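Peer 1: Here it is, the structure, as structure tokens.
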Amino acid sequence: MVPPPRIVRAWLESPAVGVIELDRDWDQAALPRFSLGRHCPAPSGLEASPPLPAARHFGYRVEPGGALCCVLAPEETAELGGPAAEVYLAGDFNGWQDAIGQPEWRLAAEEWEGRAVRVWRGDSARFLGAAGLRFKFVTGEHQWLVPPAEAPNVVRDAQGNVNRVLDPQRTGRHLWRFSLSTSLSLAEAWSAGWADGAGESVPLQPGAFFYELRSDLPLGALVRGDETCFRLFAPRVRHVTLHLAREPGGMGETLACALGPAAGADGAAGVWEVVLDRSLHGWFYWYTLEGVHPGLDPAARILDPYAPATLGRGGPGIVLDPAWIGRGDRDFQTPAWHDLVIAEAHVRDLAAHAPVRATPAERRGFTGLRAWVESPDFHLAQLGVNCVELQPVQEFDAAGPAEYHWGYMPVNWFAPASTYALAPERASGVRELQQLVAAFHRRGIAVLLDVVFNHVGEPPHLARVDPAYYFEHDAAGRPTNWSGCGNDFRARSAMSRRLIIDSCLHLLEAYGVDGFRFDLAELLGLDVLREVEAALKRVRPDVILIAEPWSFRGHLAGALRDTGWASWNDGYRDFVREYVRGNGDPARMEYFLRGSPWYFAKWPAQTVNYTESHDDRAWIDVITERPGHDGAEPTEHDRRRTHLMAALLFLSTGIPLVSAGQDFLRSKLGVNNTYQRGDLNALDYRRLHRFASTHAYFADWIAFRRGDLGRLLRHHERPAEGFFRCFHGFGGPALACLLNADRSRGPERLLFAINPTLQDATLALDESALAPGPAAWRLLADQDRFYLGDAHGARRPLEAALWLPPLACALWVAR
């Protein structure tokens, strides 16, 4: 006798409607009978193969007439960017890539249960004859749509691709929707099982409606004159208690207050509040929660996600009157995106050995860095960059000031890092960060913050509020880890999206920063990034938004082309590292010089070009000829290759980004991961003098790019196809590129040539490209230096047969 199917999952679509999933189709004529303990849905309340749950969870169902429907769910449809976007079904059955553009595989727009979906229909017999056929949805622009983390029918292939599979034993009748006469409380634990008690029951989890719960009420500790309101979003708890202390150690006056459902809010929205009739500015506070769901610990002190300051990673938070916080600098004009030259930097790395008077405590944080920024010798100002991208400065999980961290393990997204503050118990980090941003602005340098919204560090306060709401889980209920840091923040939950947006708006308003770089932005998803962009630009139209467009799960850059986000270009990084060592196709280098057009970037400043960042080895350690990837003592070839890289970087269309110290050949002694190695990461400014010519080369290229002739490199709109005209070597990587070849940007033209090999190279130029003749061209720079005016040595001749020595480049101008 074949045993009955097993119940594998159950979830609620609303407090009174849910779905039970079996491990295979129910094939009996009689309806299955389930139990929820005290609530037992009658057979008349059951519906087989409900369309929307099948779409959301499996991506397919077989209709009663036998047609196979492959379905893109409403949440995934929202990420397409509009109804005009074409989507195709691809899989083992149609050659995957071959399906793109073929009408027979295009999905059609439909409405299921009042929600927009995309559907493809075909004969189920063709696809369900054998188990294991894989499929996936892909846009007409070759953007593969990653299945949601909780999809139960996903598989990962040897190349790391995540696909769905068609299962002949699960065609829709393995899903059964039930309805109840009364609503279930989210604060209670429910389970689903067979009515006869056979087999094991499974937890009844909240479904899609739960993640759409939201409230627009202001959250956090809200000082309003002579009263203070505390609000926390906690949708599945029974009790919330606020704890207050006048002193950080719990000494002096203390209070404990119970919160209740927020007045004027739907109780299901999950907001708790209490209003106290006094201003509690400067008090310390935390929450404790009680309930029955996993992750709730009544003894755990929970740091308010909206706390504007904190004593440390574990809290407590500090109540601050918004009038005391004030507003950040408003006098600075953020540069246009295409005019940016960015330096990525870490607060402590910049300040640790800076040649300024500062105490050890000051050098560990905002105040020491401000002293360096205000110095006339400030390195980044001398380099000439007009934007700094600071590694995370929000509260992260360092145990204390003595512990060095990069900052990529956040525990609060509103509070400045307490370990960078001189007196965190007085919330001094707020003023110190405000003053630091203002100091950068006075030097003409915009400030971007590297923000980490894809995962959290320890302690995971949000997981103690509600792990299901705030974190991604797979179909088996296990936390996913595409971030590589132990958890993935569920950014697609409604209040998660709001938390991200509110945090960014706070940083813009309170600190006056100019924009953000989103770490591992692929994990947030296209829809969330679009919503963030729209919200921030309503407040600050010129806000700079940059994505790190990948994670261990996938890559998002192609999907961001139709947004206002720029992206770090990892393809540029990897290619240039090889190209300057004589490897690579010159046509590929030409593509990057043009700004990675169309597939990666639809507009010029959408690509952030870089060759070194905080991650992995330093540039010089990657390309060095020295053993062990230790470039601390670079060879002559190492230095020349670095100059070639700098010329390419600052000549390329897009936004150039350098890592602080790259201009003086900063080395991390070959160590690949230095996230807690402050000794290796701190900048050794003596190398500025040891490698002064390399620093000068970078600075001169930056000055040229930002100068008058540099307008031919800085494009607000993509130039016409005839703007670039390139010439390749005979079978080698050498390349020459004529800019403004069509004279669409005025009479001046630039000619750049590069030979990254260890042999001489000759490039055949078209005589017309040199019109009116070689004598009209003036040498501006080579691989060693920039030539200012006419006071320099022998000119490098410019002829149609252009000869270049090994590891050489040159830049000419014709007016």
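FYI, nothing fancy with the structure tokens labels: chains A, B, ... in order, residues from 1 per chain, ligands from 1 as they appear.
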Excluding same-chain residues fewer than 4 positions from Lys668 (chain A), what lies within 9 Å of it counting only C-alpha atoms, as a ChimeraX atom specification?

Peer 2: /A:617-618,620-621,630-632,672,674,680-681

Peer 1: Which parts of region 385-467 of chain A does DSSP call strand (DSSP E or B) when run on the backbone here, written out as a VMD selection string?

Peer 2: chain A and resid 387 to 390 394 396 410 416 446 to 451

Peer 1: Kindly export the residues of the current selection with N, CA and C atoms, as a PDB file, in the first residue's frame.

Peer 2:
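After the write, selection18.pdb holds the following:
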```pdb
ATOM      1  N   CYS A 387      35.904  63.407  -4.404  1.00  0.00           N
ATOM      2  CA  CYS A 387      34.905  62.586  -3.720  1.00  0.00           C
ATOM      3  C   CYS A 387      35.615  61.495  -2.937  1.00  0.00           C
ATOM      4  N   VAL A 388      35.168  61.266  -1.710  1.00  0.00           N
ATOM      5  CA  VAL A 388      35.692  60.166  -0.905  1.00  0.00           C
ATOM      6  C   VAL A 388      34.550  59.214  -0.593  1.00  0.00           C
ATOM      7  N   GLU A 389      34.816  57.937  -0.721  1.00  0.00           N
ATOM      8  CA  GLU A 389      33.844  56.900  -0.372  1.00  0.00           C
ATOM      9  C   GLU A 389      34.343  56.230   0.896  1.00  0.00           C
ATOM     10  N   LEU A 390      33.728  56.593   2.029  1.00  0.00           N
ATOM     11  CA  LEU A 390      34.174  56.068   3.316  1.00  0.00           C
ATOM     12  C   LEU A 390      33.595  54.685   3.557  1.00  0.00           C
ATOM     13  N   GLN A 394      28.507  53.373  10.099  1.00  0.00           N
ATOM     14  CA  GLN A 394      27.387  53.093  10.991  1.00  0.00           C
ATOM     15  C   GLN A 394      27.827  52.052  12.015  1.00  0.00           C
ATOM     16  N   PHE A 396      28.853  49.082  13.954  1.00  0.00           N
ATOM     17  CA  PHE A 396      29.140  47.709  13.547  1.00  0.00           C
ATOM     18  C   PHE A 396      29.606  46.915  14.753  1.00  0.00           C
ATOM     19  N   PRO A 410      27.225  45.382  10.227  1.00  0.00           N
ATOM     20  CA  PRO A 410      26.472  46.417  10.941  1.00  0.00           C
ATOM     21  C   PRO A 410      25.493  45.840  11.957  1.00  0.00           C
ATOM     22  N   PRO A 416      26.093  56.552  14.331  1.00  0.00           N
ATOM     23  CA  PRO A 416      27.498  56.529  13.915  1.00  0.00           C
ATOM     24  C   PRO A 416      28.281  55.547  14.777  1.00  0.00           C
ATOM     25  N   ALA A 446      33.313  65.650  -2.005  1.00  0.00           N
ATOM     26  CA  ALA A 446      32.026  65.055  -1.653  1.00  0.00           C
ATOM     27  C   ALA A 446      32.246  63.804  -0.807  1.00  0.00           C
ATOM     28  N   VAL A 447      31.229  63.427  -0.044  1.00  0.00           N
ATOM     29  CA  VAL A 447      31.339  62.278   0.856  1.00  0.00           C
ATOM     30  C   VAL A 447      30.248  61.261   0.523  1.00  0.00           C
ATOM     31  N   LEU A 448      30.676  60.067   0.163  1.00  0.00           N
ATOM     32  CA  LEU A 448      29.780  58.921   0.004  1.00  0.00           C
ATOM     33  C   LEU A 448      30.013  57.971   1.156  1.00  0.00           C
ATOM     34  N   LEU A 449      28.952  57.342   1.621  1.00  0.00           N
ATOM     35  CA  LEU A 449      29.074  56.342   2.669  1.00  0.00           C
ATOM     36  C   LEU A 449      28.823  54.957   2.089  1.00  0.00           C
ATOM     37  N   ASP A 450      29.713  54.043   2.432  1.00  0.00           N
ATOM     38  CA  ASP A 450      29.529  52.631   2.085  1.00  0.00           C
ATOM     39  C   ASP A 450      28.542  52.055   3.092  1.00  0.00           C
ATOM     40  N   VAL A 451      27.373  51.639   2.628  1.00  0.00           N
ATOM     41  CA  VAL A 451      26.333  51.147   3.529  1.00  0.00           C
ATOM     42  C   VAL A 451      26.067  49.670   3.253  1.00  0.00           C
TER      43      VAL A 451
END
```

Peer 1: Running DSSP on the backbone, which parts of region 594-803 of chain A land in helix (DSSP H, G or I), as a ChimeraX atom specification?

Peer 2: /A:604-606,619-623,627-629,636-651,662-664,678-681,687-690,692-706,709-712,721-723,767-770,774-776

Peer 1: Considering only C-alpha atoms, can you say which of A:Gly584, A:Arg778, A:Leu422, A:Gln662 comes closest to Leu735 (chain A)?

Peer 2: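 Of A:Gly584, A:Arg778, A:Leu422, A:Gln662, the one nearest Leu735 (chain A) is A:Gly584, counting only C-alpha atoms.
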